[in-house]
file final.csv (CSV, C-alpha atoms)
chain,number,residue,atom,x,y,z
A,15,MET,CA,6.8,-11.0,26.8
A,16,ASN,CA,5.3,-10.2,23.4
A,17,PHE,CA,5.8,-12.3,20.3
A,18,ILE,CA,9.0,-10.6,19.3
A,19,GLU,CA,10.6,-10.8,22.7
A,20,GLU,CA,9.7,-14.5,22.8
A,21,ARG,CA,11.3,-15.0,19.5
A,22,ILE,CA,14.5,-13.1,20.4
A,23,LYS,CA,14.7,-15.2,23.6
A,24,ARG,CA,14.3,-18.4,21.7
A,25,ASP,CA,16.4,-17.8,18.6
A,26,GLY,CA,18.6,-14.7,19.2
A,27,VAL,CA,22.3,-15.3,19.9
A,28,VAL,CA,24.3,-12.7,21.7
A,29,LEU,CA,27.9,-12.5,20.3
A,30,ALA,CA,30.7,-10.5,21.7
A,31,ASP,CA,31.0,-6.8,21.1
A,32,ASP,CA,27.3,-5.8,21.5
A,33,VAL,CA,26.0,-7.8,18.5
A,34,ILE,CA,22.9,-9.9,18.7
A,35,ARG,CA,22.4,-12.3,15.9
A,36,VAL,CA,18.8,-12.6,14.8
A,37,ASP,CA,19.6,-13.7,11.3
A,38,SER,CA,17.5,-16.9,11.5
A,39,PHE,CA,14.2,-14.8,11.5
A,40,LEU,CA,14.9,-11.1,11.0
A,41,ASN,CA,17.7,-10.1,8.7
A,42,HIS,CA,19.0,-12.9,6.6
A,43,GLN,CA,16.4,-15.6,6.7
A,44,ILE,CA,13.0,-13.7,7.0
A,45,ASP,CA,10.2,-15.5,8.8
A,46,VAL,CA,7.4,-13.9,6.8
A,47,ALA,CA,4.7,-15.2,9.1
A,48,LEU,CA,6.4,-13.3,11.9
A,49,PHE,CA,6.7,-10.3,9.7
A,50,GLN,CA,3.0,-10.4,9.1
A,51,GLN,CA,2.6,-10.1,12.9
A,52,ILE,CA,5.2,-7.3,12.9
A,53,GLY,CA,3.3,-5.4,10.2
A,54,ALA,CA,0.0,-5.8,11.9
A,55,GLU,CA,1.5,-4.5,15.2
A,56,PHE,CA,3.0,-1.4,13.6
A,57,ALA,CA,-0.4,-0.7,12.0
A,58,ARG,CA,-2.1,-1.0,15.4
A,59,ARG,CA,0.4,1.3,17.1
A,60,PHE,CA,0.4,3.9,14.3
A,61,ASP,CA,-3.3,3.6,13.7
A,62,LYS,CA,-4.1,7.3,14.2
A,63,ILE,CA,-1.3,8.6,12.0
A,64,PRO,CA,-2.1,9.3,8.3
A,65,ILE,CA,0.7,7.7,6.3
A,66,THR,CA,1.4,8.1,2.6
A,67,LYS,CA,4.7,6.4,2.4
A,68,ILE,CA,7.0,4.1,4.4
A,69,LEU,CA,10.7,5.0,4.3
A,70,THR,CA,13.5,2.6,5.1
A,71,VAL,CA,17.2,1.9,4.2
A,72,GLU,CA,18.4,-1.1,2.2
A,73,ALA,CA,18.8,-4.0,2.8
A,74,SER,CA,17.1,-5.6,5.7
A,75,GLY,CA,14.8,-2.6,6.3
A,76,ILE,CA,13.1,-3.5,3.0
A,77,ALA,CA,11.6,-6.6,4.4
A,78,VAL,CA,10.1,-4.8,7.4
A,79,ALA,CA,8.8,-2.0,5.3
A,80,VAL,CA,7.3,-4.1,2.5
A,81,ALA,CA,5.6,-6.6,4.9
A,82,SER,CA,4.3,-3.8,7.0
A,83,SER,CA,2.9,-1.9,4.0
A,84,PHE,CA,0.4,-4.7,3.6
A,85,TYR,CA,-1.2,-3.4,6.8
A,86,PHE,CA,-1.1,0.2,5.8
A,87,ASN,CA,-3.3,0.0,2.7
A,88,ALA,CA,-0.3,-1.0,0.6
A,89,VAL,CA,1.2,2.5,0.7
A,90,PRO,CA,4.4,2.8,-1.4
A,91,VAL,CA,7.7,1.9,0.2
A,92,VAL,CA,10.8,4.0,-0.6
A,93,PHE,CA,14.1,2.6,0.4
A,94,ALA,CA,17.3,4.7,0.7
A,95,LYS,CA,20.2,3.4,-1.4
A,96,LYS,CA,23.6,3.1,0.1
A,97,GLN,CA,25.7,3.7,-3.0
A,98,ALA,CA,25.6,5.5,-6.2
A,99,ALA,CA,24.4,3.2,-9.0
A,100,LYS,CA,24.6,3.6,-12.7
A,101,ASN,CA,20.9,3.9,-13.0
A,102,LEU,CA,20.2,6.2,-10.0
A,103,ARG,CA,19.5,9.7,-11.0
A,104,GLU,CA,21.7,12.5,-9.6
A,105,ALA,CA,18.8,14.5,-8.2
A,106,CYS,CA,18.8,12.9,-4.8
A,107,TYR,CA,18.4,13.9,-1.2
A,108,THR,CA,21.4,12.5,0.8
A,109,ALA,CA,22.5,12.1,4.3
A,110,ASP,CA,25.7,10.6,5.8
A,111,VAL,CA,25.1,7.7,8.2
A,112,PHE,CA,27.8,6.2,10.4
A,113,SER,CA,27.4,2.5,11.2
A,114,TYR,CA,29.1,1.3,14.3
A,115,THR,CA,28.4,-2.3,13.2
A,116,LYS,CA,30.4,-1.9,10.0
A,117,GLY,CA,32.7,0.9,11.2
A,118,VAL,CA,32.1,3.1,8.1
A,119,THR,CA,30.2,6.2,7.1
A,120,THR,CA,27.7,5.6,4.2
A,121,THR,CA,25.9,8.1,2.2
A,122,ILE,CA,22.3,7.2,1.8
A,123,ARG,CA,20.2,8.7,-0.9
A,124,ILE,CA,16.6,8.9,-2.1
A,125,ASP,CA,15.6,10.2,-5.5
A,126,LYS,CA,13.9,13.6,-5.2
A,127,ARG,CA,10.9,12.4,-7.2
A,128,PHE,CA,9.8,10.1,-4.4
A,129,LEU,CA,9.3,12.5,-1.6
A,130,SER,CA,7.2,15.7,-1.5
A,131,VAL,CA,5.7,18.2,0.9
A,132,ASP,CA,2.5,16.3,0.6
A,133,ASP,CA,4.0,13.1,2.1
A,134,HIS,CA,3.4,11.9,5.7
A,135,VAL,CA,6.1,9.2,6.1
A,136,LEU,CA,6.6,6.4,8.6
A,137,ILE,CA,10.2,5.3,9.1
A,138,LEU,CA,10.6,1.6,9.7
A,139,ASP,CA,13.7,-0.5,10.3
A,140,ASP,CA,14.8,-3.7,11.9
A,141,PHE,CA,17.1,-2.1,14.5
A,142,LEU,CA,17.4,1.1,16.5
A,143,ALA,CA,20.7,1.6,18.4
A,144,ASN,CA,22.3,5.1,18.2
A,145,GLY,CA,19.6,6.3,15.8
A,146,ASN,CA,22.0,7.3,13.0
A,147,ALA,CA,20.0,5.6,10.2
A,148,ALA,CA,16.7,7.0,11.4
A,149,MET,CA,18.2,10.5,11.8
A,150,GLY,CA,19.5,10.2,8.3
A,151,LEU,CA,16.1,9.3,6.9
A,152,ILE,CA,14.5,12.1,8.9
A,153,GLU,CA,17.1,14.5,7.5
A,154,ILE,CA,16.1,13.4,4.0
A,155,ALA,CA,12.4,13.6,4.7
A,156,GLU,CA,12.7,17.1,6.1
A,157,ALA,CA,14.8,18.2,3.2
A,158,ALA,CA,11.9,17.2,1.0
A,159,GLY,CA,9.4,19.1,3.2
A,160,ALA,CA,7.6,15.8,4.1
A,161,THR,CA,6.1,15.2,7.5
A,162,VAL,CA,7.5,12.4,9.6
A,163,GLY,CA,4.7,10.6,11.4
A,164,GLY,CA,7.0,8.4,13.5
A,165,VAL,CA,9.7,5.8,13.7
A,166,GLY,CA,9.0,2.1,14.2
A,167,VAL,CA,11.7,-0.5,14.8
A,168,VAL,CA,11.5,-4.2,15.5
A,169,ILE,CA,14.4,-4.3,18.0
A,170,GLU,CA,15.7,-1.3,20.1
A,171,LYS,CA,19.0,-1.5,21.9
A,172,ALA,CA,17.5,0.7,24.6
A,173,TYR,CA,20.8,1.1,26.4
A,174,GLN,CA,22.0,3.2,23.5
A,175,ASP,CA,20.9,6.8,22.8
A,176,GLY,CA,18.9,6.4,19.6
A,177,ARG,CA,15.5,6.8,21.2
A,178,LYS,CA,16.6,9.8,23.3
A,179,ARG,CA,18.0,11.6,20.2
A,180,LEU,CA,14.8,10.9,18.2
A,181,GLU,CA,12.4,11.9,21.0
A,182,GLU,CA,14.3,15.0,21.8
A,183,SER,CA,14.0,16.0,18.2
A,184,GLY,CA,10.3,15.6,18.5
A,185,TYR,CA,9.7,12.2,16.9
A,186,ARG,CA,7.6,9.4,18.3
A,187,VAL,CA,9.4,6.0,18.5
A,188,GLU,CA,7.7,2.6,18.7
A,189,ALA,CA,9.9,-0.4,19.3
A,190,LEU,CA,8.4,-3.9,19.4
A,191,ALA,CA,11.2,-5.2,21.6
A,192,ARG,CA,13.4,-3.0,23.9
A,193,ILE,CA,16.6,-4.7,25.0
A,194,ILE,CA,18.1,-3.1,28.1
A,195,GLY,CA,20.9,-5.5,28.6
A,196,MET,CA,22.4,-8.7,27.1
A,197,ASP,CA,25.2,-11.1,27.5
A,198,GLU,CA,25.8,-14.6,26.3
A,199,GLN,CA,23.5,-16.1,28.9
A,200,LYS,CA,20.4,-13.9,28.4
A,201,VAL,CA,18.7,-10.9,26.9
A,202,VAL,CA,16.8,-8.5,29.3
A,203,PHE,CA,13.9,-6.5,28.0
A,204,ALA,CA,12.4,-3.3,29.3
A,205,ASP,CA,9.2,-3.8,31.3
A,206,SER,CA,9.8,-7.5,31.9
Z,16,MET,CA,-0.2,-6.4,-22.5
Z,17,ASN,CA,-0.4,-7.6,-18.9
Z,18,PHE,CA,-0.3,-5.4,-15.8
Z,19,ILE,CA,3.5,-5.3,-15.6
Z,20,GLU,CA,4.0,-4.5,-19.3
Z,21,GLU,CA,1.4,-1.7,-19.0
Z,22,ARG,CA,3.3,-0.3,-16.1
Z,23,ILE,CA,6.7,-0.5,-17.8
Z,24,LYS,CA,5.2,1.2,-20.8
Z,25,ARG,CA,3.7,4.0,-18.7
Z,26,ASP,CA,6.5,4.6,-16.1
Z,27,GLY,CA,9.7,2.9,-17.4
Z,28,VAL,CA,12.4,5.2,-18.8
Z,29,VAL,CA,15.0,3.8,-21.2
Z,30,LEU,CA,18.4,5.3,-20.7
Z,31,ALA,CA,21.5,4.9,-22.8
Z,32,ASP,CA,23.6,1.7,-22.5
Z,33,ASP,CA,20.9,-0.9,-22.1
Z,34,VAL,CA,19.5,0.4,-18.8
Z,35,ILE,CA,15.8,0.7,-18.2
Z,36,ARG,CA,14.9,2.8,-15.2
Z,37,VAL,CA,11.9,1.4,-13.3
Z,38,ASP,CA,12.8,2.9,-10.0
Z,39,SER,CA,9.4,4.7,-9.6
Z,40,PHE,CA,7.7,1.4,-8.9
Z,41,LEU,CA,10.1,-1.6,-8.8
Z,42,ASN,CA,13.5,-1.0,-7.2
Z,43,HIS,CA,13.7,2.3,-5.3
Z,44,GLN,CA,10.2,3.3,-4.8
Z,45,ILE,CA,8.2,0.1,-4.4
Z,46,ASP,CA,4.5,0.2,-5.4
Z,47,VAL,CA,3.3,-2.4,-2.9
Z,48,ALA,CA,-0.1,-2.7,-4.5
Z,49,LEU,CA,1.6,-3.7,-7.7
Z,50,PHE,CA,3.8,-6.1,-5.8
Z,51,GLN,CA,0.7,-7.8,-4.4
Z,52,GLN,CA,-0.3,-8.4,-8.0
Z,53,ILE,CA,3.2,-9.7,-8.8
Z,54,GLY,CA,3.1,-12.1,-5.8
Z,55,ALA,CA,-0.3,-13.4,-6.8
Z,56,GLU,CA,0.9,-13.9,-10.3
Z,57,PHE,CA,4.0,-15.9,-9.3
Z,58,ALA,CA,1.8,-18.0,-7.0
Z,59,ARG,CA,-0.5,-18.7,-10.0
Z,60,ARG,CA,2.3,-19.7,-12.3
Z,61,PHE,CA,4.2,-21.8,-9.7
Z,62,ASP,CA,1.0,-23.3,-8.3
Z,63,LYS,CA,2.0,-27.0,-8.8
Z,64,ILE,CA,5.4,-26.6,-7.3
Z,65,PRO,CA,5.9,-27.4,-3.6
Z,66,ILE,CA,8.0,-24.5,-2.2
Z,67,THR,CA,9.5,-24.4,1.3
Z,68,LYS,CA,11.6,-21.3,0.8
Z,69,ILE,CA,12.0,-18.3,-1.5
Z,70,LEU,CA,15.6,-17.3,-2.3
Z,71,THR,CA,16.7,-13.9,-3.6
Z,72,VAL,CA,19.7,-11.5,-3.5
Z,73,GLU,CA,19.8,-8.2,-1.7
Z,74,ALA,CA,18.6,-5.5,-2.1
Z,75,SER,CA,15.8,-5.0,-4.5
Z,76,GLY,CA,15.1,-8.8,-4.7
Z,77,ILE,CA,14.0,-8.7,-1.1
Z,78,ALA,CA,10.9,-6.7,-1.9
Z,79,VAL,CA,9.8,-9.1,-4.6
Z,80,ALA,CA,10.5,-12.1,-2.4
Z,81,VAL,CA,8.8,-10.9,0.7
Z,82,ALA,CA,5.7,-9.6,-1.1
Z,83,SER,CA,5.4,-12.9,-3.0
Z,84,SER,CA,5.8,-15.0,0.1
Z,85,PHE,CA,2.4,-13.7,1.2
Z,86,TYR,CA,0.9,-15.7,-1.7
Z,87,PHE,CA,3.0,-18.8,-0.9
Z,88,ASN,CA,1.7,-19.5,2.6
Z,89,ALA,CA,4.2,-17.1,4.1
Z,90,VAL,CA,7.2,-19.5,3.5
Z,91,PRO,CA,10.5,-18.0,4.7
Z,92,VAL,CA,12.6,-15.8,2.5
Z,93,VAL,CA,16.3,-16.2,2.5
Z,94,PHE,CA,18.3,-13.4,0.8
Z,95,ALA,CA,21.9,-13.8,-0.2
Z,96,LYS,CA,24.2,-11.1,1.2
Z,97,LYS,CA,26.7,-9.3,-0.9
Z,98,GLN,CA,29.4,-8.6,1.5
Z,99,ALA,CA,31.0,-10.0,4.6
Z,100,ALA,CA,29.4,-8.5,7.7
Z,101,LYS,CA,30.6,-8.5,11.3
Z,102,ASN,CA,27.6,-10.5,12.4
Z,103,LEU,CA,27.5,-13.0,9.4
Z,104,ARG,CA,28.7,-16.4,10.4
Z,105,GLU,CA,31.6,-17.8,8.4
Z,106,ALA,CA,29.8,-21.1,7.6
Z,107,CYS,CA,28.3,-19.9,4.3
Z,108,TYR,CA,27.6,-21.2,0.9
Z,109,THR,CA,29.1,-18.7,-1.6
Z,110,ALA,CA,29.0,-17.9,-5.3
Z,111,ASP,CA,30.7,-15.2,-7.4
Z,112,VAL,CA,28.3,-13.1,-9.5
Z,113,PHE,CA,29.5,-10.6,-12.1
Z,114,SER,CA,27.2,-7.6,-12.6
Z,115,TYR,CA,27.3,-5.9,-15.9
Z,116,THR,CA,25.3,-3.0,-14.5
Z,117,LYS,CA,27.9,-2.3,-11.9
Z,118,GLY,CA,30.9,-3.7,-13.7
Z,119,VAL,CA,32.1,-5.7,-10.6
Z,120,THR,CA,32.1,-9.3,-9.4
Z,121,THR,CA,30.4,-9.7,-6.0
Z,122,THR,CA,30.6,-12.7,-3.8
Z,123,ILE,CA,27.1,-13.6,-2.6
Z,124,ARG,CA,26.6,-15.8,0.5
Z,125,ILE,CA,23.9,-17.6,2.4
Z,126,ASP,CA,24.5,-19.0,5.9
Z,127,LYS,CA,24.5,-22.8,5.8
Z,128,ARG,CA,21.9,-23.0,8.5
Z,129,PHE,CA,19.2,-21.7,6.1
Z,130,LEU,CA,19.3,-24.3,3.4
Z,131,SER,CA,19.0,-28.0,3.6
Z,132,VAL,CA,18.4,-31.1,1.4
Z,133,ASP,CA,14.7,-30.9,2.5
Z,134,ASP,CA,14.2,-27.5,0.9
Z,135,HIS,CA,12.4,-26.9,-2.4
Z,136,VAL,CA,13.3,-23.3,-3.3
Z,137,LEU,CA,11.8,-20.8,-5.6
Z,138,ILE,CA,14.3,-18.1,-6.8
Z,139,LEU,CA,12.7,-14.7,-7.3
Z,140,ASP,CA,14.3,-11.4,-8.4
Z,141,ASP,CA,13.4,-8.2,-10.1
Z,142,PHE,CA,15.5,-8.6,-13.3
Z,143,LEU,CA,16.8,-11.4,-15.4
Z,144,ALA,CA,19.5,-10.4,-18.0
Z,145,ASN,CA,22.5,-12.6,-18.4
Z,146,GLY,CA,21.3,-14.8,-15.5
Z,147,ASN,CA,24.4,-14.5,-13.4
Z,148,ALA,CA,22.6,-13.7,-10.2
Z,149,ALA,CA,20.1,-16.6,-10.7
Z,150,MET,CA,22.9,-19.0,-11.5
Z,151,GLY,CA,24.7,-17.9,-8.4
Z,152,LEU,CA,21.7,-18.7,-6.3
Z,153,ILE,CA,21.2,-22.0,-8.0
Z,154,GLU,CA,24.9,-22.9,-7.3
Z,155,ILE,CA,24.3,-22.1,-3.6
Z,156,ALA,CA,21.0,-24.1,-3.5
Z,157,GLU,CA,22.7,-27.1,-5.1
Z,158,ALA,CA,25.6,-26.9,-2.8
Z,159,ALA,CA,23.1,-27.3,0.0
Z,160,GLY,CA,21.5,-30.2,-1.7
Z,161,ALA,CA,18.2,-28.3,-2.0
Z,162,THR,CA,15.8,-28.7,-5.0
Z,163,VAL,CA,15.3,-25.7,-7.2
Z,164,GLY,CA,11.6,-25.4,-8.2
Z,165,GLY,CA,12.0,-22.6,-10.6
Z,166,VAL,CA,13.1,-19.0,-11.3
Z,167,GLY,CA,10.6,-16.2,-11.4
Z,168,VAL,CA,11.5,-12.6,-12.4
Z,169,VAL,CA,9.5,-9.5,-12.9
Z,170,ILE,CA,11.3,-8.2,-15.9
Z,171,GLU,CA,13.4,-10.3,-18.4
Z,172,LYS,CA,15.8,-8.7,-20.9
Z,173,ALA,CA,14.9,-11.4,-23.3
Z,174,TYR,CA,17.6,-10.3,-25.8
Z,175,GLN,CA,20.2,-11.5,-23.4
Z,176,ASP,CA,21.0,-15.1,-22.7
Z,177,GLY,CA,19.9,-15.5,-19.1
Z,178,ARG,CA,16.8,-17.6,-19.9
Z,179,LYS,CA,18.8,-19.8,-22.3
Z,180,ARG,CA,21.5,-20.5,-19.7
Z,181,LEU,CA,18.9,-21.4,-17.1
Z,182,GLU,CA,16.7,-23.5,-19.3
Z,183,GLU,CA,19.6,-25.4,-20.7
Z,184,SER,CA,20.6,-26.2,-17.1
Z,185,GLY,CA,17.2,-27.6,-16.6
Z,186,TYR,CA,15.4,-24.8,-14.8
Z,187,ARG,CA,12.0,-23.4,-15.4
Z,188,VAL,CA,11.9,-19.6,-15.9
Z,189,GLU,CA,8.8,-17.4,-15.5
Z,190,ALA,CA,9.1,-13.8,-16.4
Z,191,LEU,CA,6.1,-11.4,-16.0
Z,192,ALA,CA,7.4,-9.1,-18.7
Z,193,ARG,CA,9.8,-10.1,-21.5
Z,194,ILE,CA,11.5,-7.2,-23.2
Z,195,ILE,CA,12.8,-8.1,-26.6
Z,196,GLY,CA,14.0,-4.6,-27.6
Z,197,MET,CA,14.1,-1.0,-26.3
Z,198,ASP,CA,15.2,2.4,-27.2
Z,199,GLU,CA,14.4,5.9,-25.9
Z,200,GLN,CA,11.1,5.9,-27.9
Z,201,LYS,CA,9.6,2.6,-26.9
Z,202,VAL,CA,9.9,-0.8,-25.2
Z,203,VAL,CA,9.0,-3.9,-27.2
Z,204,PHE,CA,7.7,-7.0,-25.4
Z,205,ALA,CA,7.6,-10.6,-26.6
Z,206,ASP,CA,4.2,-11.8,-27.8
Z,207,SER,CA,2.8,-8.3,-28.2
call {"tool": "encode", "arguments": {"input": "final.csv", "output": "structure tokens"}}
result
Amino acid sequence: MNFIEERIKRDGVVLADDVIRVDSFLNHQIDVALFQQIGAEFARRFDKIPITKILTVEASGIAVAVASSFYFNAVPVVFAKKQAAKNLREACYTADVFSYTKGVTTTIRIDKRFLSVDDHVLILDDFLANGNAAMGLIEIAEAAGATVGGVGVVIEKAYQDGRKRLEESGYRVEALARIIGMDEQKVVFADS
Amino acid sequence: MNFIEERIKRDGVVLADDVIRVDSFLNHQIDVALFQQIGAEFARRFDKIPITKILTVEASGIAVAVASSFYFNAVPVVFAKKQAAKNLREACYTADVFSYTKGVTTTIRIDKRFLSVDDHVLILDDFLANGNAAMGLIEIAEAAGATVGGVGVVIEKAYQDGRKRLEESGYRVEALARIIGMDEQKVVFADS
């Protein structure tokens, strides 16, 4: 097991209805020392890809993206916003993303000023399940004419079809931990 | 002018109704190289304070907190969540925060597992205006019996009463840029 799988095994808690709670280190309390390892590992895996920006979605994706940027020459992070705000400009790229966890469709948006045809973007997030969030970010990046260099996630629910959808659309996916099954007793990873 | 004031002067855009748009570097697109300077500066200013955790509120506060943690020995970041989620435990400390920007009261919450009487917390955020968000985080930290070492913000709207409220409650406030007035032509900083 790698460092993320070890940590999930130690501190992750499987709840009912396909939810794994990793809020003690990943998406509520953030173990920044662990995130430094995460960032370094993404940089190692995407070493050959020229990246000009990291894209993610608020809120927990921001931590993954910002920590990882330290290992990608501090390239800018752009995070998609989930609701219209008073000070968000109207000239935005948008995509609709359905979240099974929350049971709602959210419109995510990125201001058009922050993506261009010259950008090579890396999409980072904490989780990949059905791939809706990543597909939404790809839709936005492509609307801007940017090149998508790949998708990196900390934890993949590999029994869902997110990876399949992304790979069939031509995108490379890197997941630091790939869960192929879980119940309240244990979590099973791919290749372990 | 320091590096943040320079950047606000260069890239900040003052809109009507007391809103300054800094989304090209602070809270939508994140200039991580700038955030490295921000983190180093907070570490310099809070050098004598023992810090075990950094507290903030989602979403844009997460970027400030995570980047800054790199300069505080990678102490954990805990970000308060703004809504009840399916996978958020019910044993939470909560506080109600009214946002003038959005015109709504939001309940922020932090899981009780992530704060204890042994914690010395530093509260970091992108903006300080009326101080409601910081006061909410302080309320939560004190409910947990934690010690609040101070409040650091990137931009203070110094013509509002946030600093006064925090200082009168006994908390140290460090703001990297203190705006004392602004209109569509210019931004005026304290001590400049």
call {"tool": "residues_near_point", "arguments": {"input": "final.csv", "point": "(12.7, -0.9, 10.4)", "cutoff": "9 Å", "atoms": "only C-alpha atoms", "output": "list in words"}}
result
Leu69, Thr70, Val71, Ser74, Gly75, Ile76, Ala77, Val78, Ala79, Ile137, Leu138, Asp139, Asp140, Phe141, Leu142, Ala148, Val165, Gly166, Val167, Val168 and Ile169 of chain A
call {"tool": "residues_around", "arguments": {"input": "final.csv", "residues": "Tyr173 (chain A)", "least_positions_apart": "2", "cutoff": "9 Å", "atoms": "only C-alpha atoms", "output": "PyMOL selection string"}}
result
chain A and resi 143+170-171+175-176+192-195
call {"tool": "residues_around", "arguments": {"input": "final.csv", "residues": "Ala82 (chain Z)", "least_positions_apart": "3", "cutoff": "8 Å", "atoms": "only C-alpha atoms", "output": "PyMOL selection string"}}
result
(chain A and resi 80-81) or (chain Z and resi 47+50-51+54+78-79+85-86)
call {"tool": "interface_residues", "arguments": {"input": "final.csv", "of": "chain Z", "to": "chain A", "cutoff": "9 Å", "atoms": "all atoms listed in the file", "output": "PyMOL selection string"}}
result
chain Z and resi 30+34-36+38-40+42-49+51+73-75+77-78+80-82+84-85+88-96+100-103+116-117+125-126+128-129
call {"tool": "residues_around", "arguments": {"input": "final.csv", "residues": "Val132 (chain Z)", "least_positions_apart": "3", "cutoff": "12 Å", "atoms": "all atoms listed in the file", "output": "list in words"}}
result
Thr67, Lys68, Lys127, Arg128, Phe129, His135, Val136, Ile155, Ala156, Glu157, Ala158, Ala159, Gly160, Ala161, Thr162 and Val163 of chain Z
call {"tool": "atom_distance", "arguments": {"input": "final.csv", "atom1": "CA of Gln200 (chain Z)", "atom2": "CA of Phe18 (chain Z)"}}
result
20.1 Å
call {"tool": "closest_residue", "arguments": {"input": "final.csv", "among": "Z:Gln98, Z:Asn147, Z:Ser83, Z:Ser131", "to": "Ser114 (chain Z)", "atoms": "all atoms listed in the file"}}
result
Z:Asn147
call {"tool": "atom_distance", "arguments": {"input": "final.csv", "atom1": "CA of Val112 (chain Z)", "atom2": "CA of Arg180 (chain Z)"}}
result
14.3 Å
call {"tool": "atom_distance", "arguments": {"input": "final.csv", "atom1": "CA of Phe112 (chain A)", "atom2": "CA of Ala147 (chain A)"}}
result
7.8 Å
call {"tool": "closest_residue", "arguments": {"input": "final.csv", "among": "A:Asp197, A:Asp32, A:Asp132, A:Ile65", "to": "Tyr114 (chain A)", "atoms": "all atoms listed in the file"}}
result
A:Asp32
call {"tool": "closest_residue", "arguments": {"input": "final.csv", "among": "Z:Val203, Z:Ile53, Z:Met150, Z:Ala110", "to": "Ala190 (chain Z)", "atoms": "only C-alpha atoms"}}
result
Z:Ile53
